[in-house]
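Colleague: I'm passing along structure06.csv; it holds CSV, C-alpha atoms and all ligand atoms.
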```
chain,number,residue,atom,x,y,z
A,1,MET,CA,105.6,95.4,77.2
A,2,THR,CA,104.5,95.8,73.6
A,3,GLN,CA,105.2,99.1,71.9
A,4,ALA,CA,101.4,99.9,72.0
A,5,GLU,CA,101.4,99.3,75.8
A,6,ILE,CA,104.4,101.6,76.2
A,7,ALA,CA,102.6,104.3,74.3
A,8,ARG,CA,99.5,103.9,76.4
A,9,SER,CA,101.3,103.9,79.7
A,10,THR,CA,103.6,106.9,78.9
A,11,GLY,CA,101.2,109.0,76.9
A,12,LEU,CA,103.7,109.3,74.1
A,13,SER,CA,102.6,108.8,70.5
A,14,ALA,CA,103.1,105.5,68.9
A,15,ALA,CA,105.5,107.0,66.4
A,16,THR,CA,107.6,108.5,69.2
A,17,VAL,CA,107.7,105.2,71.1
A,18,SER,CA,108.7,103.4,67.9
A,19,ASN,CA,111.6,105.9,67.3
A,20,ILE,CA,112.9,105.6,70.9
A,21,VAL,CA,112.6,101.8,70.9
A,22,ARG,CA,114.5,101.6,67.6
A,23,GLY,CA,117.2,103.9,69.0
A,24,LEU,CA,117.6,101.9,72.2
A,25,ALA,CA,117.6,98.6,70.3
A,26,GLU,CA,120.4,99.9,68.1
A,27,VAL,CA,122.6,100.6,71.1
A,28,GLY,CA,121.8,97.3,72.7
A,29,VAL,CA,119.5,98.4,75.5
A,30,PHE,CA,116.4,96.6,74.2
A,31,ASP,CA,115.7,93.3,72.5
A,32,VAL,CA,112.5,93.6,70.4
A,33,GLY,CA,110.6,90.3,70.0
A,34,PRO,CA,109.5,88.6,66.8
A,35,THR,CA,106.5,90.2,65.0
A,36,SER,CA,103.2,88.7,66.2
A,37,SER,CA,99.9,88.7,64.4
A,38,THR,CA,99.2,92.1,65.8
A,39,GLY,CA,102.0,93.6,63.8
A,40,ARG,CA,105.0,95.8,64.6
A,41,ARG,CA,103.4,97.5,67.6
A,42,GLY,CA,102.5,94.1,69.0
A,43,ARG,CA,106.1,93.1,69.4
A,44,ILE,CA,107.3,92.7,72.9
A,45,VAL,CA,110.1,95.1,74.0
A,46,ARG,CA,112.5,93.7,76.7
A,47,LEU,CA,115.7,94.9,78.2
A,48,SER,CA,118.5,93.2,76.3
A,49,ARG,CA,120.1,90.1,77.7
A,50,SER,CA,123.4,91.8,77.0
A,51,ARG,CA,122.5,94.3,79.8
A,52,GLY,CA,123.8,91.7,82.3
A,53,VAL,CA,122.2,89.8,85.1
A,54,ALA,CA,120.7,90.8,88.4
A,55,LEU,CA,120.3,89.2,91.7
A,56,GLY,CA,117.0,88.9,93.6
A,57,ILE,CA,116.8,88.3,97.3
A,58,ASP,CA,113.4,87.7,99.0
A,59,PHE,CA,113.5,87.4,102.8
A,60,GLY,CA,110.2,86.1,104.2
A,61,HIS,CA,109.5,85.7,107.9
A,62,SER,CA,110.4,82.0,107.5
A,63,HIS,CA,112.1,81.5,104.2
A,64,LEU,CA,114.9,83.0,102.0
A,65,ARG,CA,114.5,82.9,98.2
A,66,VAL,CA,117.3,84.0,95.9
A,67,ALA,CA,117.5,84.2,92.1
A,68,VAL,CA,119.7,85.2,89.3
A,69,GLY,CA,117.8,86.8,86.4
A,70,ASP,CA,118.7,88.4,83.1
A,71,ALA,CA,117.2,91.6,81.7
A,72,GLY,CA,115.1,89.6,79.3
A,73,ASP,CA,112.9,88.5,82.2
A,74,HIS,CA,114.4,85.0,82.4
A,75,ILE,CA,115.2,83.5,85.8
A,76,LEU,CA,118.5,81.7,85.2
A,77,ALA,CA,118.8,80.0,88.6
A,78,GLU,CA,116.8,80.1,91.8
A,79,GLU,CA,116.8,78.6,95.2
A,80,VAL,CA,114.6,78.7,98.3
A,81,VAL,CA,115.5,77.6,101.8
A,82,PRO,CA,113.7,77.7,105.1
A,83,LEU,CA,115.1,80.4,107.4
A,84,GLU,CA,114.0,82.1,110.6
A,85,VAL,CA,114.7,85.5,109.0
A,86,ASP,CA,113.5,87.6,111.9
A,87,ALA,CA,116.2,86.2,114.2
A,88,SER,CA,119.4,87.7,112.7
A,89,ALA,CA,120.0,90.0,109.8
A,90,THR,CA,123.7,89.3,109.4
A,91,ASP,CA,123.1,85.5,109.3
A,92,GLY,CA,120.4,86.0,106.7
A,93,CYS,CA,122.6,88.3,104.6
A,94,ASP,CA,125.6,85.8,104.9
A,95,LEU,CA,123.4,82.9,103.8
A,96,ALA,CA,121.9,84.9,100.9
A,97,THR,CA,125.4,85.7,99.7
A,98,ARG,CA,126.6,82.1,99.9
A,99,LEU,CA,123.5,80.9,98.0
A,100,LEU,CA,123.9,83.5,95.3
A,101,GLU,CA,127.5,82.7,94.8
A,102,ARG,CA,126.6,79.1,94.3
A,103,LEU,CA,123.8,80.0,91.9
A,104,LEU,CA,126.1,82.2,89.8
A,105,ASP,CA,128.7,79.4,89.6
A,106,GLY,CA,126.0,76.8,88.7
A,107,ALA,CA,124.6,79.1,86.0
A,108,GLY,CA,128.1,79.9,84.6
A,109,VAL,CA,127.6,83.6,85.2
A,110,ALA,CA,130.7,85.7,85.7
A,111,ARG,CA,130.7,88.2,88.6
A,112,SER,CA,131.4,91.0,86.1
A,113,GLU,CA,128.0,90.3,84.5
A,114,VAL,CA,126.1,91.1,87.7
A,115,VAL,CA,124.8,94.7,87.5
A,116,GLY,CA,122.8,95.0,90.7
A,117,ALA,CA,120.6,93.3,93.3
A,118,GLY,CA,117.1,93.9,94.8
A,119,ILE,CA,116.0,92.8,98.2
A,120,GLY,CA,112.6,92.3,99.7
A,121,ILE,CA,112.2,92.5,103.5
A,122,PRO,CA,109.0,91.5,105.4
A,123,GLY,CA,108.7,94.9,107.2
A,124,PRO,CA,108.5,98.6,106.5
A,125,ILE,CA,111.6,100.2,105.0
A,126,ASP,CA,112.3,103.9,105.9
A,127,ALA,CA,112.4,105.5,102.5
A,128,ALA,CA,114.9,108.2,103.6
A,129,THR,CA,117.5,106.0,105.2
A,130,GLY,CA,116.9,102.6,103.7
A,131,ALA,CA,116.8,101.1,107.3
A,132,VAL,CA,114.3,98.6,108.4
A,133,GLY,CA,111.8,100.9,110.0
A,134,SER,CA,110.4,98.8,112.9
A,135,SER,CA,112.0,97.2,115.9
A,136,VAL,CA,109.1,94.9,116.4
A,137,ILE,CA,107.9,93.6,113.0
A,138,VAL,CA,111.3,92.0,112.1
A,139,PRO,CA,113.2,92.2,115.4
A,140,GLY,CA,116.6,90.9,114.2
A,141,TRP,CA,116.7,93.7,111.6
A,142,ASP,CA,116.1,96.7,113.8
A,143,GLY,CA,118.0,99.7,112.3
A,144,ILE,CA,119.8,97.4,109.8
A,145,ARG,CA,120.3,98.9,106.3
A,146,PRO,CA,119.8,95.8,104.2
A,147,ALA,CA,121.0,97.4,100.9
A,148,GLU,CA,124.3,98.5,102.6
A,149,GLU,CA,124.8,95.1,104.2
A,150,MET,CA,124.2,93.2,100.9
A,151,GLY,CA,126.0,95.8,98.8
A,152,ARG,CA,129.2,95.3,100.9
A,153,ARG,CA,129.0,91.6,100.4
A,154,LEU,CA,128.0,91.5,96.7
A,155,GLY,CA,129.9,94.6,95.5
A,156,VAL,CA,127.1,95.8,93.3
A,157,PRO,CA,124.4,98.5,93.7
A,158,VAL,CA,121.5,97.2,95.8
A,159,LEU,CA,117.9,98.5,96.3
A,160,VAL,CA,115.7,97.3,99.1
A,161,ASP,CA,111.9,97.4,99.4
A,162,ASN,CA,109.1,95.9,101.5
A,163,ASP,CA,108.3,92.3,100.3
A,164,ALA,CA,104.6,93.0,99.6
A,165,ASN,CA,105.6,96.1,97.5
A,166,LEU,CA,107.9,93.8,95.4
A,167,GLY,CA,105.1,91.3,95.1
A,168,ALA,CA,102.8,94.1,93.9
A,169,LEU,CA,105.4,95.1,91.4
A,170,GLY,CA,105.9,91.6,90.1
A,171,GLU,CA,102.1,91.0,89.7
A,172,SER,CA,101.6,94.4,88.1
A,173,LEU,CA,104.4,93.8,85.5
A,174,TYR,CA,104.1,90.1,84.8
A,175,GLY,CA,101.0,88.7,86.6
A,176,ALA,CA,97.4,89.2,87.4
A,177,ALA,CA,97.4,93.0,87.8
A,178,ARG,CA,99.2,93.6,84.5
A,179,GLY,CA,98.1,97.0,83.0
A,180,ARG,CA,96.1,97.9,86.2
A,181,GLY,CA,96.6,101.5,87.4
A,182,ASP,CA,95.0,101.0,90.8
A,183,ALA,CA,95.4,97.7,92.5
A,184,ALA,CA,96.4,96.1,95.8
A,185,TYR,CA,98.5,93.0,96.4
A,186,ILE,CA,97.8,91.2,99.7
A,187,LYS,CA,100.5,88.9,100.8
A,188,VAL,CA,99.1,86.3,103.1
A,189,ALA,CA,102.0,84.2,104.6
A,190,THR,CA,103.4,84.0,108.1
A,191,GLY,CA,102.2,87.6,108.4
A,192,VAL,CA,99.9,89.7,106.3
A,193,GLY,CA,101.1,92.7,104.2
A,194,ALA,CA,99.9,94.7,101.3
A,195,GLY,CA,101.6,96.5,98.4
A,196,LEU,CA,99.5,99.3,96.9
A,197,ILE,CA,99.6,100.5,93.3
A,198,ILE,CA,98.1,103.9,92.9
A,199,GLY,CA,98.1,105.6,89.5
A,200,GLY,CA,100.5,102.9,88.2
A,201,GLN,CA,103.1,103.5,90.9
A,202,ILE,CA,103.9,101.7,94.1
A,203,TYR,CA,102.6,103.9,97.0
A,204,ARG,CA,104.9,103.9,99.9
A,205,GLY,CA,103.6,106.8,102.0
A,206,GLU,CA,105.6,109.4,103.9
A,207,GLY,CA,107.9,107.1,105.8
A,208,GLY,CA,107.6,103.8,103.8
A,209,THR,CA,105.0,102.1,106.0
A,210,ALA,CA,102.0,102.3,103.6
A,211,GLY,CA,100.4,98.9,103.2
A,212,GLU,CA,100.9,97.5,106.7
A,213,ILE,CA,97.4,95.9,106.5
A,214,GLY,CA,98.5,93.2,109.0
A,215,HIS,CA,98.3,95.8,111.7
A,216,VAL,CA,94.8,97.1,110.9
A,217,THR,CA,92.7,96.8,114.1
A,218,ILE,CA,90.1,94.0,113.9
A,219,ASP,CA,89.2,93.9,117.6
A,220,GLU,CA,90.3,96.6,120.1
A,221,GLN,CA,89.9,94.0,122.9
A,222,GLY,CA,91.9,91.3,121.0
A,223,PRO,CA,95.3,89.8,121.8
A,224,VAL,CA,98.3,92.0,122.0
A,225,CYS,CA,100.2,92.1,118.7
A,226,ARG,CA,104.0,92.2,118.2
A,227,CYS,CA,103.5,95.9,117.1
A,228,GLY,CA,102.1,96.8,120.6
A,229,ASN,CA,98.5,97.3,119.4
A,230,ARG,CA,95.7,94.9,120.3
A,231,GLY,CA,93.6,92.8,117.9
A,232,CYS,CA,95.6,93.5,114.7
A,233,LEU,CA,94.7,91.5,111.6
A,234,GLU,CA,97.8,89.5,112.1
A,235,THR,CA,96.6,88.3,115.5
A,236,PHE,CA,93.7,86.7,113.7
A,237,ALA,CA,95.2,85.7,110.4
A,238,GLY,CA,99.0,85.3,111.1
A,239,ALA,CA,100.6,81.8,111.2
A,240,PRO,CA,101.2,81.7,115.0
A,241,PHE,CA,97.5,82.4,115.7
A,242,LEU,CA,96.3,79.8,113.2
A,243,LEU,CA,98.6,77.2,114.6
A,244,GLU,CA,97.5,78.0,118.2
A,245,LEU,CA,93.9,77.5,117.2
A,246,LEU,CA,94.7,74.0,116.0
A,247,ARG,CA,96.9,73.0,118.9
A,248,HIS,CA,94.3,71.0,120.8
A,249,SER,CA,93.0,69.2,117.8
A,250,HIS,CA,96.2,68.7,115.7
A,251,GLY,CA,99.0,68.8,118.3
A,252,GLY,CA,101.7,71.3,119.2
A,253,ASP,CA,104.2,70.3,116.5
A,254,LEU,CA,101.9,71.2,113.6
A,255,THR,CA,103.9,73.4,111.2
A,256,PHE,CA,102.5,76.2,108.9
A,257,ALA,CA,103.5,74.2,105.8
A,258,ARG,CA,101.7,71.1,107.1
A,259,LEU,CA,98.6,73.2,108.0
A,260,ILE,CA,98.4,74.4,104.4
A,261,GLU,CA,98.9,70.9,103.1
A,262,LEU,CA,96.2,69.5,105.3
A,263,ALA,CA,93.8,72.3,104.3
A,264,ALA,CA,94.5,71.5,100.6
A,265,HIS,CA,93.5,67.9,101.3
A,266,GLY,CA,90.2,68.9,102.9
A,267,ASP,CA,91.1,68.5,106.7
A,268,ALA,CA,88.0,70.0,108.3
A,269,GLY,CA,89.7,71.9,111.1
A,270,CYS,CA,92.4,73.3,108.9
A,271,CYS,CA,89.9,74.4,106.3
A,272,ARG,CA,87.9,76.1,109.0
A,273,VAL,CA,90.8,78.2,110.4
A,274,ILE,CA,91.8,79.2,106.8
A,275,ALA,CA,88.2,80.3,106.1
A,276,ASP,CA,88.0,82.3,109.3
A,277,ALA,CA,91.4,83.9,108.4
A,278,GLY,CA,89.9,84.8,105.0
A,279,ARG,CA,86.9,86.5,106.8
A,280,TYR,CA,89.2,88.6,108.9
A,281,ILE,CA,91.4,89.5,105.9
A,282,GLY,CA,88.2,90.4,104.2
A,283,VAL,CA,87.3,93.0,106.9
A,284,ALA,CA,90.7,94.8,106.3
A,285,VAL,CA,90.3,94.5,102.5
A,286,ALA,CA,86.8,95.9,102.7
A,287,ASN,CA,88.2,99.0,104.5
A,288,LEU,CA,91.0,99.2,101.9
A,289,CYS,CA,88.4,99.1,99.1
A,290,ASN,CA,86.5,101.9,100.7
A,291,LEU,CA,89.6,104.0,101.1
A,292,LEU,CA,91.4,103.4,97.8
A,293,ASN,CA,88.8,101.9,95.4
A,294,PRO,CA,91.2,99.6,93.6
A,295,GLY,CA,90.1,97.8,90.4
A,296,MET,CA,91.8,94.6,91.5
A,297,VAL,CA,92.9,93.0,94.7
A,298,VAL,CA,95.5,90.3,94.1
A,299,VAL,CA,96.0,87.7,96.8
A,300,GLY,CA,99.5,86.1,97.0
A,301,GLY,CA,101.7,84.5,99.6
A,302,ASP,CA,101.7,80.9,101.0
A,303,LEU,CA,98.0,80.8,101.8
A,304,ALA,CA,96.9,82.0,98.3
A,305,GLY,CA,97.7,78.5,96.9
A,306,LEU,CA,94.6,77.4,98.7
A,307,GLY,CA,92.5,79.3,96.1
A,308,ASP,CA,88.8,79.7,96.9
A,309,LEU,CA,89.2,78.3,100.4
A,310,LEU,CA,90.8,81.6,101.3
A,311,LEU,CA,89.4,83.9,98.5
A,312,GLY,CA,85.8,82.9,98.9
A,313,PRO,CA,85.5,84.3,102.5
A,314,ILE,CA,87.5,87.4,101.5
A,315,ARG,CA,85.2,88.1,98.6
A,316,ALA,CA,82.1,87.4,100.7
A,317,THR,CA,83.2,89.7,103.5
A,318,VAL,CA,84.2,92.5,101.1
A,319,GLY,CA,80.8,92.1,99.4
A,320,ARG,CA,79.1,92.5,102.7
A,321,GLN,CA,81.1,95.2,104.3
A,322,ALA,CA,82.5,97.6,101.7
A,323,ILE,CA,80.3,100.2,100.1
A,324,PRO,CA,78.6,98.9,96.9
A,325,SER,CA,80.3,101.4,94.6
A,326,ALA,CA,83.7,100.2,95.8
A,327,THR,CA,82.9,96.5,95.5
A,328,ARG,CA,81.0,96.7,92.2
A,329,ARG,CA,84.2,96.8,90.1
A,330,VAL,CA,86.8,95.3,92.3
A,331,GLU,CA,88.1,91.9,91.2
A,332,ILE,CA,89.6,89.8,94.0
A,333,VAL,CA,91.8,87.2,92.4
A,334,ASN,CA,94.7,84.9,93.1
A,335,GLY,CA,98.1,86.1,91.9
A,336,THR,CA,99.4,84.2,88.8
A,337,LEU,CA,103.1,84.2,89.9
A,338,GLY,CA,102.6,82.3,93.1
A,339,ALA,CA,105.6,82.3,95.4
A,340,ARG,CA,107.7,84.0,92.7
A,341,ALA,CA,105.9,87.4,92.7
A,342,GLU,CA,108.3,89.0,95.2
A,343,ILE,CA,111.5,87.6,93.7
A,344,LEU,CA,110.5,88.9,90.2
A,345,GLY,CA,109.8,92.3,91.8
A,346,ALA,CA,113.2,92.1,93.4
A,347,LEU,CA,114.9,91.5,90.0
A,348,VAL,CA,113.0,94.4,88.5
A,349,VAL,CA,114.3,96.8,91.2
A,350,ALA,CA,117.8,95.3,90.9
A,351,PHE,CA,117.9,96.4,87.3
A,352,SER,CA,116.6,99.8,88.3
A,353,ALA,CA,119.4,100.0,90.9
A,354,ALA,CA,121.9,99.4,88.1
A,355,THR,CA,120.3,101.5,85.3
A,356,PRO,CA,118.2,104.2,86.9
A,357,LEU,CA,117.9,106.1,83.6
A,358,LEU,CA,115.9,103.2,82.0
A,359,VAL,CA,113.4,102.9,84.8
A,360,ALA,CA,113.1,106.4,86.2
A,361,GLY,CA,112.1,107.8,82.8
A,362,LEU,CA,113.8,109.4,79.9
A,363,PRO,CA,115.1,112.9,80.3
A,364,GLU,CA,113.1,115.4,78.3
A,365,THR,CA,116.0,117.5,77.1
A,366,SER,CA,118.7,115.0,76.3
A,367,PRO,CA,119.0,113.0,73.2
A,368,VAL,CA,118.2,109.5,74.5
A,369,ASN,CA,120.5,107.6,72.3
A,370,SER,CA,123.7,109.5,73.2
A,371,LYS,CA,122.9,109.4,76.9
A,372,VAL,CA,122.5,105.6,76.8
A,373,ALA,CA,125.4,105.0,74.5
A,374,THR,CA,127.8,106.7,76.9
A,375,ARG,CA,126.9,104.2,79.7
B,1,ZN,ZN,100.0,94.8,115.0
```
Please express the file's structure as structure tokens.
Modeller:
Amino acid sequence: MTQAEIARSTGLSAATVSNIVRGLAEVGVFDVGPTSSTGRRGRIVRLSRSRGVALGIDFGHSHLRVAVGDAGDHILAEEVVPLEVDASATDGCDLATRLLERLLDGAGVARSEVVGAGIGIPGPIDAATGAVGSSVIVPGWDGIRPAEEMGRRLGVPVLVDNDANLGALGESLYGAARGRGDAAYIKVATGVGAGLIIGGQIYRGEGGTAGEIGHVTIDEQGPVCRCGNRGCLETFAGAPFLLELLRHSHGGDLTFARLIELAAHGDAGCCRVIADAGRYIGVAVANLCNLLNPGMVVVGGDLAGLGDLLLGPIRATVGRQAIPSATRRVEIVNGTLGARAEILGALVVAFSAATPLLVAGLPETSPVNSKVATR
């Protein structure tokens, strides 16, 4: 952020921000970028590269992405592999560890430089225990505490969050929703999830399940969902349902990746099922707009790469079904970070696992510089 943006978002005066930034830059916490045309307050303030590196781990339902990033927002190394993540938590954690060790070696990063790790999981996380909070959304992870599992393997502090929450964090810090206080991030991939930003903060709810938009009821008489309800959004917009729709026309061995590729090249049947999925997602987003009145809805995940093929029907349905005062101001846009939104969010929480003082806010009573200098 620039110093001016820090002042705006904290409510501190520009002079106070300037003093704090100077103090933290002197003790090596911040790097302050070169002066731009907008002057001193236009300079970008980043966590210093000397603060070490963090590890990001993004478990999707069907992929694993890992990255090594520094505190200056640079991704030093990254890898993504296909993985049936739902099947086994320990296999997933073992693979993530092996991939990260290879990335660290490849990037020439010493283990002592690693300060923390952040993990995204495609299911609700119980805020109190850190356990994956559902036996049915990600079956192989029932009761597993991913932060403990990975902490034991990596030997660094680890924080875990729902993947859509991390995507929301990524897009709100670096992407389409930058500077937005009230926004929603909708991840449309194998499943559908949402990360909600309310008053500039990720909203997790009482037990960590806020944003499970994939399990909003679309049709009470619809197919039984893996959550036990009938006619959830995921039973109309999730990958298994879309592939089933195309089984007669495109064959039983069609994959989700191939479906997206065919839709991008204008295959009529694939375009149709994507458009219909967009309509159903639009129903849930219209309800979300009525409830939360976000200024922006950012669409991410695998299907977001199809652009207006998906967004057009979402926008049209929201326009038709949400109350006019909720739709008037809401912008429904593609994320700008693509498949990296979640991993960037994971790197952000990794640094907050390592240096909570810097992220949780500065203590009112303690002199900031001496606090930081003792770390
Ligand atoms: Zn459901």
Colleague: Kindly compile the residues surrounding ligand ZN 1 (chain B) within 9 Å, counting only C-alpha atoms and all ligand atoms, and format them as JSON, numbers by chain.
Modeller: {"A": [137, 212, 213, 214, 215, 216, 217, 224, 225, 226, 227, 228, 229, 230, 231, 232, 233, 234, 235]}
Colleague: When you draw a straight line from atom CA of A:Glu171 to atom CA of A:Ala341, how long is it in Å?
Modeller: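 Interatomic distance here is 6.0 Å.
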Colleague: Tell me which protein, DNA and RNA residues are within 8 Å of stretch 48-63 of chain A, counting only C-alpha atoms, leaving out same-chain ones fewer than 5 positions away, and put them as a ChimeraX atom specification.
Modeller: /A:28-31,68-72,80-86,96,100,113-122,138,163,190-191,342-344,346-347,350-351
Colleague: Considering all atoms listed in the file, can you say which of A:Leu169, A:Ile218, A:Cys93, A:Leu99 comes closest to A:Pro146?
Modeller: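 Among the listed residues, the smallest separation from A:Pro146 belongs to A:Cys93.
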Colleague: Rounded to one decimal, what separation in Å do you get between atom CA of A:Gly278 and atom CA of A:Glu206?
Modeller: 29.2 Å
Colleague: Show me, as a list in words, the residues that have an atom within 10 Å of A:Leu245 when counting only C-alpha atoms, minus same-chain residues fewer than 3 positions from it.
Modeller: Phe236, Ala239, Pro240, Phe241, Leu242, His248, Ser249, His250, Gly269, Cys270 and Val273 of chain A
Colleague: Would you please work out which residue, of A:Ser352, A:Ser88, A:Asn334, A:Asn165, is nearest to A:Ile198 when using only C-alpha atoms?
Modeller: A:Asn165
Colleague: Take the point (113.0, 94.8, 72.4) in the file's coordinates, draw a sphere of radius 10 Å around it, and report as a count of residues only every protein, DNA or RNA residue with an atom inside or on it, counting only C-alpha atoms.
Modeller: 22
Colleague: Using all atoms listed in the file, pick whichever of A:Leu154, A:Ala67, A:Ala304, A:Ala131 has the shortest atom-to-atom distance to A:Tyr185.
Modeller: A:Ala304
Colleague: Quick one, how far is atom CA of A:Tyr174 from atom CA of A:Leu337?
Modeller: 7.9 Å
Colleague: Nearest to A:Ser134 among A:Gly319, A:Thr209, A:Gly23, A:Gly266, with distances taken over all atoms listed in the file: which residue is it?
Modeller: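 Of A:Gly319, A:Thr209, A:Gly23, A:Gly266, the one nearest A:Ser134 is A:Thr209, counting all atoms listed in the file.
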Colleague: Taking all atoms listed in the file into account, name the residue in A:Ala176, A:Ala316, A:Leu262, A:Val299 that is nearest to A:Val283.
Modeller: A:Ala316
Colleague: Between A:Val156, A:Ala237, A:Ala189, A:Ala87, single out the one closest to A:Gly301, counting only C-alpha atoms.
Modeller: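 Of all the options, A:Ala189 lies closest to A:Gly301.
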